[in-house]
$ cat work-v2.json   # JSON, C-alpha atoms and all ligand atoms
[["chain", "number", "residue", "atom", "x", "y", "z"],
["A", 1, "MET", "CA", 34.85, -8.87, 29.32],
["A", 2, "LYS", "CA", 34.66, -10.25, 25.80],
["A", 3, "GLN", "CA", 32.01, -8.99, 23.43],
["A", 4, "ALA", "CA", 30.16, -12.34, 23.41],
["A", 5, "ASP", "CA", 29.42, -11.79, 27.11],
["A", 6, "TYR", "CA", 27.81, -8.39, 26.55],
["A", 7, "PRO", "CA", 24.02, -8.12, 26.89],
["A", 8, "ILE", "CA", 21.43, -8.17, 24.10],
["A", 9, "GLY", "CA", 19.12, -5.15, 23.93],
["A", 10, "VAL", "CA", 15.45, -5.84, 23.19],
["A", 11, "PHE", "CA", 12.69, -3.24, 23.00],
["A", 12, "ASP", "CA", 9.08, -2.54, 22.17],
["A", 13, "SER", "CA", 6.61, 0.28, 22.77],
["A", 14, "GLY", "CA", 5.51, -1.52, 25.93],
["A", 15, "VAL", "CA", 4.94, -5.07, 27.13],
["A", 16, "GLY", "CA", 4.32, -6.65, 23.69],
["A", 17, "GLY", "CA", 7.93, -7.55, 22.97],
["A", 18, "ILE", "CA", 8.00, -9.63, 26.13],
["A", 19, "SER", "CA", 6.21, -12.34, 24.11],
["A", 20, "ALA", "CA", 9.25, -12.41, 21.80],
["A", 21, "LEU", "CA", 11.64, -12.15, 24.76],
["A", 22, "GLN", "CA", 10.13, -15.34, 26.18],
["A", 23, "ALA", "CA", 11.09, -17.21, 23.00],
["A", 24, "MET", "CA", 14.60, -15.68, 23.09],
["A", 25, "ILE", "CA", 15.11, -16.82, 26.69],
["A", 26, "ARG", "CA", 13.92, -20.32, 25.74],
["A", 27, "ILE", "CA", 16.29, -20.56, 22.78],
["A", 28, "LEU", "CA", 19.25, -18.68, 24.27],
["A", 29, "PRO", "CA", 18.98, -19.36, 28.03],
["A", 30, "GLN", "CA", 22.58, -18.42, 28.80],
["A", 31, "GLU", "CA", 22.32, -14.88, 27.41],
["A", 32, "HIS", "CA", 21.91, -11.61, 29.31],
["A", 33, "PHE", "CA", 18.91, -9.63, 28.00],
["A", 34, "ILE", "CA", 18.02, -6.02, 28.74],
["A", 35, "TYR", "CA", 14.39, -5.40, 27.78],
["A", 36, "TYR", "CA", 13.18, -1.83, 27.41],
["A", 37, "GLY", "CA", 9.45, -1.07, 27.24],
["A", 38, "ASP", "CA", 8.87, 2.45, 25.93],
["A", 39, "THR", "CA", 5.54, 2.64, 27.74],
["A", 40, "ALA", "CA", 5.62, 6.42, 28.19],
["A", 41, "ASN", "CA", 5.51, 6.78, 24.39],
["A", 42, "ALA", "CA", 3.08, 3.97, 23.57],
["A", 43, "PRO", "CA", 1.36, 3.28, 21.30],
["A", 44, "TYR", "CA", 3.69, 3.45, 18.31],
["A", 45, "GLY", "CA", 1.13, 2.02, 15.90],
["A", 46, "THR", "CA", -0.98, 5.15, 15.56],
["A", 47, "LYS", "CA", 1.98, 7.56, 15.27],
["A", 48, "LYS", "CA", 3.66, 8.85, 12.14],
["A", 49, "THR", "CA", 6.78, 7.06, 10.91],
["A", 50, "GLU", "CA", 9.06, 10.02, 11.85],
["A", 51, "GLU", "CA", 7.65, 10.05, 15.38],
["A", 52, "VAL", "CA", 8.32, 6.35, 15.81],
["A", 53, "ILE", "CA", 11.87, 6.79, 14.49],
["A", 54, "ALA", "CA", 12.45, 9.53, 17.10],
["A", 55, "CYS", "CA", 11.20, 7.23, 19.90],
["A", 56, "VAL", "CA", 13.33, 4.36, 18.63],
["A", 57, "ARG", "CA", 16.45, 6.54, 18.56],
["A", 58, "ARG", "CA", 15.93, 7.51, 22.21],
["A", 59, "VAL", "CA", 15.48, 3.91, 23.28],
["A", 60, "THR", "CA", 18.41, 2.70, 21.20],
["A", 61, "ASP", "CA", 20.75, 5.35, 22.63],
["A", 62, "ARG", "CA", 19.86, 4.19, 26.10],
["A", 63, "LEU", "CA", 20.48, 0.56, 25.29],
["A", 64, "LEU", "CA", 23.77, 1.35, 23.53],
["A", 65, "GLU", "CA", 25.00, 2.98, 26.75],
["A", 66, "ARG", "CA", 24.72, -0.49, 28.26],
["A", 67, "ASN", "CA", 27.21, -1.90, 25.75],
["A", 68, "ILE", "CA", 24.82, -4.24, 23.99],
["A", 69, "LYS", "CA", 26.22, -6.67, 21.41],
["A", 70, "ALA", "CA", 23.00, -6.87, 19.37],
["A", 71, "LEU", "CA", 19.65, -5.11, 19.19],
["A", 72, "VAL", "CA", 16.28, -6.83, 18.75],
["A", 73, "ILE", "CA", 13.37, -4.66, 17.68],
["A", 74, "ALA", "CA", 10.62, -6.75, 19.29],
["A", 75, "CYS", "CA", 7.96, -4.69, 17.58],
["A", 76, "ASN", "CA", 6.57, -5.01, 14.06],
["A", 77, "THR", "CA", 5.67, -1.32, 13.91],
["A", 78, "ALA", "CA", 9.11, -0.05, 14.94],
["A", 79, "THR", "CA", 10.82, -2.52, 12.60],
["A", 80, "GLY", "CA", 8.88, -1.23, 9.62],
["A", 81, "ALA", "CA", 9.55, 2.37, 10.61],
["A", 82, "ALA", "CA", 13.15, 2.27, 11.77],
["A", 83, "ALA", "CA", 15.03, -0.98, 11.03],
["A", 84, "TYR", "CA", 16.51, 0.33, 7.81],
["A", 85, "THR", "CA", 17.77, 3.52, 9.50],
["A", 86, "LEU", "CA", 19.19, 1.64, 12.48],
["A", 87, "ARG", "CA", 20.98, -0.91, 10.31],
["A", 88, "ARG", "CA", 22.63, 1.90, 8.40],
["A", 89, "GLU", "CA", 23.71, 3.74, 11.54],
["A", 90, "LEU", "CA", 24.69, 1.02, 14.01],
["A", 91, "THR", "CA", 27.68, -1.27, 13.92],
["A", 92, "ILE", "CA", 26.03, -4.03, 15.96],
["A", 93, "PRO", "CA", 23.56, -6.53, 14.42],
["A", 94, "VAL", "CA", 19.93, -5.34, 14.36],
["A", 95, "ILE", "CA", 17.23, -8.03, 14.30],
["A", 96, "GLY", "CA", 13.68, -6.97, 13.45],
["A", 97, "MET", "CA", 10.22, -8.50, 13.25],
["A", 98, "GLU", "CA", 7.60, -8.55, 10.53],
["A", 99, "PRO", "CA", 4.09, -10.03, 10.38],
["A", 100, "ALA", "CA", 4.38, -13.79, 9.84],
["A", 101, "LEU", "CA", 2.58, -13.70, 6.49],
["A", 102, "LYS", "CA", 4.93, -16.12, 4.72],
["A", 103, "PRO", "CA", 4.15, -19.13, 6.98],
["A", 104, "ALA", "CA", 0.45, -18.23, 6.77],
["A", 105, "SER", "CA", 0.62, -18.22, 2.96],
["A", 106, "GLU", "CA", 2.20, -21.68, 3.05],
["A", 107, "VAL", "CA", -0.78, -23.21, 4.88],
["A", 108, "ARG", "CA", -3.49, -21.21, 3.10],
["A", 109, "LYS", "CA", -5.90, -23.23, 0.96],
["A", 110, "ASP", "CA", -8.23, -20.89, -0.91],
["A", 111, "GLY", "CA", -9.57, -18.84, 1.98],
["A", 112, "ASP", "CA", -8.56, -15.59, 3.65],
["A", 113, "ILE", "CA", -5.55, -14.73, 5.76],
["A", 114, "LEU", "CA", -6.43, -12.08, 8.36],
["A", 115, "VAL", "CA", -3.38, -9.97, 9.11],
["A", 116, "MET", "CA", -3.91, -8.30, 12.48],
["A", 117, "ALA", "CA", -1.46, -5.44, 13.07],
["A", 118, "THR", "CA", -1.26, -1.76, 13.94],
["A", 119, "PRO", "CA", -2.44, 0.79, 11.36],
["A", 120, "LEU", "CA", 1.14, 2.00, 10.87],
["A", 121, "THR", "CA", 2.50, -1.50, 10.18],
["A", 122, "LEU", "CA", -0.20, -2.14, 7.61],
["A", 123, "HIS", "CA", 0.52, 1.11, 5.77],
["A", 124, "GLN", "CA", 4.27, 0.78, 5.59],
["A", 125, "GLU", "CA", 6.21, 0.17, 2.41],
["A", 126, "LYS", "CA", 7.85, -2.83, 4.04],
["A", 127, "PHE", "CA", 4.45, -4.44, 4.52],
["A", 128, "ASN", "CA", 3.39, -3.67, 0.95],
["A", 129, "LEU", "CA", 6.45, -5.57, -0.28],
["A", 130, "LEU", "CA", 5.55, -8.52, 1.95],
["A", 131, "MET", "CA", 2.01, -8.44, 0.53],
["A", 132, "GLU", "CA", 3.33, -8.51, -3.01],
["A", 133, "LYS", "CA", 5.23, -11.71, -2.26],
["A", 134, "TYR", "CA", 2.93, -13.63, 0.07],
["A", 135, "GLY", "CA", -0.30, -11.66, 0.19],
["A", 136, "GLU", "CA", -2.65, -13.77, -1.92],
["A", 137, "GLY", "CA", -5.91, -13.93, 0.03],
["A", 138, "ALA", "CA", -4.53, -11.67, 2.76],
["A", 139, "VAL", "CA", -6.75, -9.02, 4.32],
["A", 140, "ARG", "CA", -5.36, -6.08, 6.31],
["A", 141, "VAL", "CA", -7.02, -5.97, 9.74],
["A", 142, "PRO", "CA", -5.88, -2.85, 11.61],
["A", 143, "CYS", "CA", -6.48, -3.33, 15.34],
["A", 144, "THR", "CA", -6.43, 0.19, 16.75],
["A", 145, "GLY", "CA", -6.87, 0.10, 20.51],
["A", 146, "LEU", "CA", -6.05, -3.58, 21.02],
["A", 147, "MET", "CA", -2.50, -3.05, 22.26],
["A", 148, "GLU", "CA", -3.84, -0.69, 24.91],
["A", 149, "LEU", "CA", -6.11, -3.44, 26.26],
["A", 150, "VAL", "CA", -3.11, -5.78, 26.53],
["A", 151, "GLU", "CA", -1.09, -3.02, 28.23],
["A", 152, "GLN", "CA", -3.90, -2.71, 30.77],
["A", 153, "GLU", "CA", -4.02, -6.51, 31.15],
["A", 154, "ASP", "CA", -7.70, -6.11, 30.36],
["A", 155, "TRP", "CA", -8.39, -9.67, 29.20],
["A", 156, "LYS", "CA", -12.17, -9.23, 29.40],
["A", 157, "GLY", "CA", -11.96, -6.13, 27.25],
["A", 158, "SER", "CA", -9.62, -7.92, 24.85],
["A", 159, "ARG", "CA", -12.10, -10.78, 24.48],
["A", 160, "ALA", "CA", -14.94, -8.37, 23.73],
["A", 161, "TYR", "CA", -12.73, -6.52, 21.20],
["A", 162, "LEU", "CA", -11.82, -9.76, 19.44],
["A", 163, "GLU", "CA", -15.37, -11.12, 19.40],
["A", 164, "ASN", "CA", -16.51, -7.92, 17.79],
["A", 165, "LEU", "CA", -13.61, -8.02, 15.32],
["A", 166, "PHE", "CA", -14.14, -11.62, 14.19],
["A", 167, "ALA", "CA", -17.91, -11.09, 13.89],
["A", 168, "GLY", "CA", -17.02, -9.10, 10.77],
["A", 169, "TYR", "CA", -15.59, -12.19, 9.01],
["A", 170, "ASP", "CA", -17.00, -15.56, 8.02],
["A", 171, "PRO", "CA", -14.93, -18.05, 10.07],
["A", 172, "GLU", "CA", -15.52, -20.72, 7.43],
["A", 173, "ARG", "CA", -13.63, -18.59, 4.90],
["A", 174, "VAL", "CA", -10.62, -17.96, 7.13],
["A", 175, "ASP", "CA", -7.55, -20.18, 6.68],
["A", 176, "ALA", "CA", -5.07, -18.28, 8.83],
["A", 177, "VAL", "CA", -4.70, -15.37, 11.24],
["A", 178, "VAL", "CA", -1.39, -13.52, 11.49],
["A", 179, "LEU", "CA", -0.61, -11.88, 14.83],
["A", 180, "GLY", "CA", 1.37, -9.01, 13.35],
["A", 181, "CYS", "CA", 1.94, -7.12, 16.59],
["A", 182, "THR", "CA", 3.86, -8.55, 19.52],
["A", 183, "HIS", "CA", 1.15, -7.46, 21.97],
["A", 184, "TYR", "CA", -1.43, -9.73, 20.30],
["A", 185, "VAL", "CA", 0.66, -12.83, 20.99],
["A", 186, "PHE", "CA", -0.55, -12.63, 24.60],
["A", 187, "LEU", "CA", -4.06, -13.17, 23.18],
["A", 188, "LYS", "CA", -3.16, -16.25, 21.13],
["A", 189, "ASP", "CA", -5.04, -18.75, 23.34],
["A", 190, "MET", "CA", -8.10, -16.55, 23.39],
["A", 191, "ILE", "CA", -8.07, -16.21, 19.60],
["A", 192, "ARG", "CA", -7.51, -19.96, 19.25],
["A", 193, "GLU", "CA", -10.74, -20.59, 21.20],
["A", 194, "MET", "CA", -12.73, -18.20, 19.06],
["A", 195, "LEU", "CA", -11.88, -19.70, 15.69],
["A", 196, "PRO", "CA", -12.35, -23.14, 14.12],
["A", 197, "ALA", "CA", -9.48, -25.46, 15.08],
["A", 198, "ARG", "CA", -8.25, -25.77, 11.46],
["A", 199, "VAL", "CA", -7.41, -22.02, 11.32],
["A", 200, "ALA", "CA", -3.63, -21.52, 11.54],
["A", 201, "ILE", "CA", -2.37, -18.75, 13.83],
["A", 202, "THR", "CA", 1.09, -17.47, 12.96],
["A", 203, "GLU", "CA", 3.37, -15.04, 14.76],
["A", 204, "GLY", "CA", 7.05, -14.22, 14.70],
["A", 205, "SER", "CA", 8.48, -14.71, 18.18],
["A", 206, "GLU", "CA", 10.03, -18.14, 17.63],
["A", 207, "GLY", "CA", 11.41, -17.16, 14.21],
["A", 208, "THR", "CA", 12.91, -13.97, 15.62],
["A", 209, "ALA", "CA", 14.61, -15.85, 18.44],
["A", 210, "ARG", "CA", 16.07, -18.33, 15.94],
["A", 211, "GLN", "CA", 17.22, -15.53, 13.68],
["A", 212, "LEU", "CA", 18.91, -13.85, 16.67],
["A", 213, "LYS", "CA", 20.74, -17.10, 17.41],
["A", 214, "ARG", "CA", 21.88, -17.45, 13.79],
["A", 215, "VAL", "CA", 23.11, -13.85, 13.64],
["A", 216, "LEU", "CA", 25.00, -14.15, 16.93],
["A", 217, "ALA", "CA", 26.57, -17.44, 15.83],
["A", 218, "ARG", "CA", 27.66, -15.92, 12.54],
["A", 219, "GLY", "CA", 29.34, -13.00, 14.35],
["A", 220, "HIS", "CA", 30.95, -15.32, 16.97],
["A", 221, "LEU", "CA", 28.84, -13.47, 19.53],
["A", 222, "LEU", "CA", 27.08, -16.36, 21.30],
["A", 223, "LYS", "CA", 27.71, -16.37, 25.03],
["A", 224, "GLU", "CA", 29.25, -19.69, 25.80],
["A", 225, "GLY", "CA", 27.98, -20.60, 29.21],
["A", 226, "GLY", "CA", 27.10, -19.38, 32.65],
["A", 227, "GLU", "CA", 23.81, -18.12, 33.96],
["A", 228, "GLY", "CA", 21.48, -16.13, 31.78],
["A", 229, "ARG", "CA", 19.66, -13.11, 33.14],
["A", 230, "VAL", "CA", 16.98, -10.61, 32.23],
["A", 231, "GLU", "CA", 16.77, -6.95, 33.20],
["A", 232, "LEU", "CA", 13.58, -5.01, 32.61],
["A", 233, "GLU", "CA", 13.49, -1.25, 32.05],
["A", 234, "THR", "CA", 10.72, 1.15, 31.13],
["A", 235, "SER", "CA", 10.16, 4.79, 30.30],
["A", 236, "GLY", "CA", 6.90, 4.38, 32.24],
["A", 237, "SER", "CA", 6.09, 4.00, 35.93],
["A", 238, "PRO", "CA", 7.13, 1.48, 38.61],
["A", 239, "GLU", "CA", 3.69, -0.13, 38.04],
["A", 240, "ASP", "CA", 4.60, -0.62, 34.39],
["A", 241, "LEU", "CA", 7.73, -2.44, 35.50],
["A", 242, "GLU", "CA", 5.66, -4.72, 37.74],
["A", 243, "LYS", "CA", 3.34, -5.46, 34.86],
["A", 244, "MET", "CA", 6.32, -6.34, 32.65],
["A", 245, "ARG", "CA", 7.49, -8.79, 35.32],
["A", 246, "ARG", "CA", 4.04, -10.37, 35.52],
["A", 247, "LEU", "CA", 3.78, -10.81, 31.76],
["A", 248, "LEU", "CA", 7.28, -12.27, 31.54],
["A", 249, "ASN", "CA", 6.07, -15.07, 33.79],
["A", 250, "HIS", "CA", 2.82, -15.53, 31.90],
["A", 251, "THR", "CA", 3.25, -18.77, 29.97],
["A", 252, "ILE", "CA", 2.28, -18.90, 26.34],
["A", 253, "PRO", "CA", 1.81, -22.43, 25.03],
["A", 254, "GLU", "CA", 3.70, -23.05, 21.78],
["A", 301, "LIG", "N1", 3.97, -4.20, 19.78],
["A", 301, "LIG", "C1", 4.04, -3.37, 18.63],
["A", 301, "LIG", "C2", 4.09, -4.19, 17.33],
["A", 301, "LIG", "O1", 4.56, -5.30, 17.33],
["A", 301, "LIG", "C3", 3.07, -2.25, 18.45],
["A", 301, "LIG", "C4", 2.20, -1.74, 19.50],
["A", 301, "LIG", "C5", 2.05, -0.23, 19.40],
["A", 301, "LIG", "O2", 1.14, 0.25, 18.71],
["A", 301, "LIG", "O3", 2.85, 0.45, 20.03],
["A", 301, "LIG", "O4", 3.69, -3.73, 16.31]]
$ encode --input "work-v2.json" --output "structure tokens"
Amino acid sequence: MKQADYPIGVFDSGVGGISALQAMIRILPQEHFIYYGDTANAPYGTKKTEEVIACVRRVTDRLLERNIKALVIACNTATGAAAYTLRRELTIPVIGMEPALKPASEVRKDGDILVMATPLTLHQEKFNLLMEKYGEGAVRVPCTGLMELVEQEDWKGSRAYLENLFAGYDPERVDAVVLGCTHYVFLKDMIREMLPARVAITEGSEGTARQLKRVLARGHLLKEGGEGRVELETSGSPEDLEKMRRLLNHTIPE
């Protein structure tokens, strides 16, 4: 089998990265994806950087055993913690994600940009650099506990969490909201309803999928035809696998 026909490894701490996987399947329908949800070790966002790197290494080793041709870190937290290390150590392309602050800064008028992400993402050096470039008017909004509600598919609890969160800000002053954690993308419609229609909501799934396509094309690694397929794996339970399947079929309007 030629390398272009090998699978693409994608992972997150749980179901969040499935929101990015959906965009990848849309943009690269012929590819074979292996998605790994590290549910047994979730959440990553409240761990220390070294702990996240250790989790990421375990997941990556597993995916490498499957002969993947590229690795997508479908997690903002793990990208900030481990992308640099992985890029240095691996010979295959590594594609990461970061909070979509740049597109938010492009549509900002003179109001605030609320950057929702995990506490670890918001404290990382990588994020500080992003803030230096595009952070005018940006406010760090750590959302401890929100990924867990998505993991539990607790949409009622998520709504209550978000209502409480946004009550702390004047909606008239908000120009954009950045969904800086792949789990929050599943809440995009809900957030849309809660904020004035002019507020932009940005997230990185589409951009990541396009970047993956560019990187594969550059390395002559695009699979040329045939049927695409998706395999789901988890460090969690069979129920976690079922949940991953359900969320993969949950449609997110663009
Ligand atoms: N989905 C991950 C992200 O994009 C983080 C969730 C977690 O805390 O594990 O940041």
$ closest_residue --input "work-v2.json" --among "A:Ala81, A:Ala20, A:Ile68, A:Leu90" --to "Thr208 of chain A" --atoms "only C-alpha atoms"
A:Ala20
$ closest_residue --input "work-v2.json" --among "A:Tyr44, A:Tyr84, A:Tyr161, A:Trp155" --to "ligand LIG 301 (chain A)" --atoms "all atoms listed in the file"
A:Tyr44
$ closest_residue --input "work-v2.json" --among "A:Ile191, A:Leu63, A:Val139, A:Leu232" --to "Gly9 of chain A" --atoms "all atoms listed in the file"
A:Leu63
$ residues_near_ligand --input "work-v2.json" --ligand "ligand LIG 301 (chain A)" --cutoff "9 Å" --atoms "all atoms listed in the file" --output "count of residues only"
42
$ closest_residue --input "work-v2.json" --among "A:Val115, A:Leu101, A:Leu187, A:Ala83" --to "Glu153 of chain A" --atoms "all atoms listed in the file"
A:Leu187
$ closest_residue --input "work-v2.json" --among "A:Ile18, A:Leu149, A:Ile95, A:Ile8" --to "Arg245 of chain A" --atoms "only C-alpha atoms"
A:Ile18
$ atom_distance --input "work-v2.json" --atom1 "atom CA of Ala82 of chain A" --atom2 "atom CA of Gly96 of chain A"
9.4 Å
$ closest_residue --input "work-v2.json" --among "A:Thr85, A:Asn67, A:Gln3, A:Gln124" --to "Leu216 of chain A" --atoms "only C-alpha atoms"
A:Gln3
$ atom_distance --input "work-v2.json" --atom1 "atom CA of Gly207 of chain A" --atom2 "atom CA of Val10 of chain A"
15.0 Å
$ residues_near_point --input "work-v2.json" --point "(20.2, -18.2, 19.4)" --cutoff "10 Å" --atoms "only C-alpha atoms" --output "ChimeraX atom specification"
/A:23-31,208-217,221-223
$ atom_distance --input "work-v2.json" --atom1 "atom CA of Asp170 of chain A" --atom2 "atom CA of Gln152 of chain A"
29.2 Å
$ decode --input "work-v2.json" --residues "segment 8-39 of chain A" --atoms "C-alpha atoms" --output "mmCIF file, in the first residue's frame"
data_model
loop_
_atom_site.group_PDB
_atom_site.id
_atom_site.type_symbol
_atom_site.label_atom_id
_atom_site.label_comp_id
_atom_site.auth_asym_id
_atom_site.auth_seq_id
_atom_site.Cartn_x
_atom_site.Cartn_y
_atom_site.Cartn_z
ATOM 1 C CA ILE A 8 -4.834 9.926 9.269
ATOM 2 C CA GLY A 9 -4.700 9.869 13.071
ATOM 3 C CA VAL A 10 -6.871 12.396 14.908
ATOM 4 C CA PHE A 11 -7.203 12.732 18.673
ATOM 5 C CA ASP A 12 -8.603 14.741 21.541
ATOM 6 C CA SER A 13 -9.136 14.233 25.262
ATOM 7 C CA GLY A 14 -12.631 12.968 24.471
ATOM 8 C CA VAL A 15 -15.448 13.733 22.060
ATOM 9 C CA GLY A 16 -14.513 17.381 21.349
ATOM 10 C CA GLY A 17 -12.260 16.692 18.387
ATOM 11 C CA ILE A 18 -15.161 15.003 16.634
ATOM 12 C CA SER A 19 -16.367 18.522 15.757
ATOM 13 C CA ALA A 20 -13.102 19.008 13.842
ATOM 14 C CA LEU A 21 -13.282 15.478 12.423
ATOM 15 C CA GLN A 22 -16.652 16.341 10.873
ATOM 16 C CA ALA A 23 -15.024 19.194 8.936
ATOM 17 C CA MET A 24 -12.148 16.905 7.873
ATOM 18 C CA ILE A 25 -14.579 14.288 6.547
ATOM 19 C CA ARG A 26 -16.451 17.016 4.638
ATOM 20 C CA ILE A 27 -13.284 18.391 3.052
ATOM 21 C CA LEU A 28 -11.432 15.088 2.563
ATOM 22 C CA PRO A 29 -14.224 12.518 2.078
ATOM 23 C CA GLN A 30 -11.990 9.893 0.480
ATOM 24 C CA GLU A 31 -9.577 9.658 3.424
ATOM 25 C CA HIS A 32 -9.396 6.999 6.140
ATOM 26 C CA PHE A 33 -9.500 8.582 9.616
ATOM 27 C CA ILE A 34 -8.738 6.920 12.938
ATOM 28 C CA TYR A 35 -10.117 9.063 15.759
ATOM 29 C CA TYR A 36 -8.902 8.448 19.293
ATOM 30 C CA GLY A 37 -10.755 9.958 22.257
ATOM 31 C CA ASP A 38 -8.603 9.812 25.386
ATOM 32 C CA THR A 39 -11.686 9.807 27.593
#
